[in-house]
Amino acid sequence: MRGMICKFLQTLRNDKRYEYFAAAEKLQWKSSDELRALQWESLKRLVGHAYGTTKYYRELMDGVGLTPADIQGAEDYARLPILTKEIVRTRGDDLISHEFDKASLRRNSSGGSTGEPVSFYQNAELWDKMNGTMMLAQTFMGWKPGDMAIRIWGNPQEFRKKPGRLNRLKSKISGTINLNAYEYNWGTLGEWAGIIGGFSRVFIYGYPSVLTDLANYLIEKKIDLPGVKGVMTSAEKMHDWQRELFAKAFSCRIFDQYGSREIPGIASECEHGNMHLLTHAAYTEFLPDPETGTFRIIATSLANEGMPFLRYDIGDCGAPMDGVCPCGRGFPLMKMDIGRIYDRFVTPEGNAIHGTYFVRLLAAVKGVSAFQYRQTERSRIDLHIVRGQGFSEESAATVNGLEQRIRRDVSPAFSLEVRYVDDIPKTVGGKHRYIVCEVES
């Protein structure tokens, strides 16, 4: 019944997620060759659209002597120069299609897993397709329309006001409840356990780092949640020890999902433990990286016509895999290598704050080419910034105001020390760790 109500409500809002979900459900059972052919047709249409409606891609393709008609295969497409975060920051308006009114697009920003957050725009249809693809990924772990999904996720701004009874009722009817992953403490984990335990059939989606705390709480308090039928993680690398911990705490299969705000829905793990590339949502390339000995993931969203991202360097590493999955889905396989490195901070009051909050503070600051927050004491955070092209007095003023904002949003006891540096050391795996917490929670 809840599934029918959800579909009806979304249709009233002109939300097409269920339409895209239904199409993707059928698509998954096609052969790999059929899926690749359909993907290539989508990619060619997108390239033609980008060339014809954006200043950036018209100049780029003319500069390398390419027209959309010239791109007949992967080698032709690979002739396009890679799109970097720096290009998005400096040429953002030139990437927007003139077929769209900028005011009609949704502004978004990356989580900054490589230490380089970036702002961009997406058309409304991308969000419907993204939600439809997420619904498909949830079916990999047994979810069906009407099942409850609890997302331990969100933006801290969305949780400033506690939801009233009407909003809580709407959440239950809609089949999705959002819990604030950005600020929580030991007591909050107990509240979450109570909410999750109120459903006989529920699926959880969240950050591995936050789910680690919840899992440890459940184990310590000896709380069983038999209604949990599946747990899916995203946005951070899930380590093997975390997968084992989650399986012990939630007594169900654990799944992983891969994508980003810029390129959503890249891959998702099925019930056989294989990561499938979702070919209808993104076109993914794997380029050998001599520095790390792995492959750089270069991705193209097939849904964002408002601001096309062709051959975008997402900042992660992975590798393609051969073979056919026993699940029967035709989506090709991949594996993640060196994933994203996240951390949380601890407030002087003892609450945990997810690192993405701090990343987003710098997303709209022009001229920040790299940064790293480091907490060495409960009440102190050091922020190292590498200034790049476009860093101005306005940028400096915004940075100078961050301490006040953090005190307002997170804790009045926090102090922020800003230092401008020439370089920030990367990890052994070549990743840029943008949040480092040296304080025990």
# chains A, B, ... in the order shown; residues from 1 in each chain; ligands from 1

call {"tool": "residues_around", "arguments": {"residues": "segment 78-84 of chain A", "least_positions_apart": "2", "cutoff": "12 Å", "atoms": "only C-alpha atoms", "output": "number ranges by chain"}}
result
A: 47, 51, 56-68, 70-76, 86-92, 95, 114, 116-118, 262, 283-287, 296-300, 308-315, 369

call {"tool": "select_by_dssp", "arguments": {"residues": "segment 210-241 of chain A", "states": "alpha helix (DSSP H)", "output": "PyMOL selection string"}}
result
chain A and resi 210-221+240-241

call {"tool": "closest_residue", "arguments": {"among": "A:Gln375, A:Thr233, A:Val436, A:Gly388", "to": "Leu416 of chain A", "atoms": "only C-alpha atoms"}}
result
A:Gln375

call {"tool": "atom_distance", "arguments": {"atom1": "atom CA of His280 of chain A", "atom2": "atom CA of Leu302 of chain A"}}
result
7.2 Å

call {"tool": "select_by_dssp", "arguments": {"residues": "segment 192-316 of chain A", "states": "strand (DSSP E)", "output": "NGL selection string"}}
result
:A and (202-206 or 228-233 or 254-258 or 267-269 or 275-277 or 282-289 or 294-301 or 312-316)

call {"tool": "atom_distance", "arguments": {"atom1": "atom CA of Phe199 of chain A", "atom2": "atom CA of Gly187 of chain A"}}
result
20.1 Å
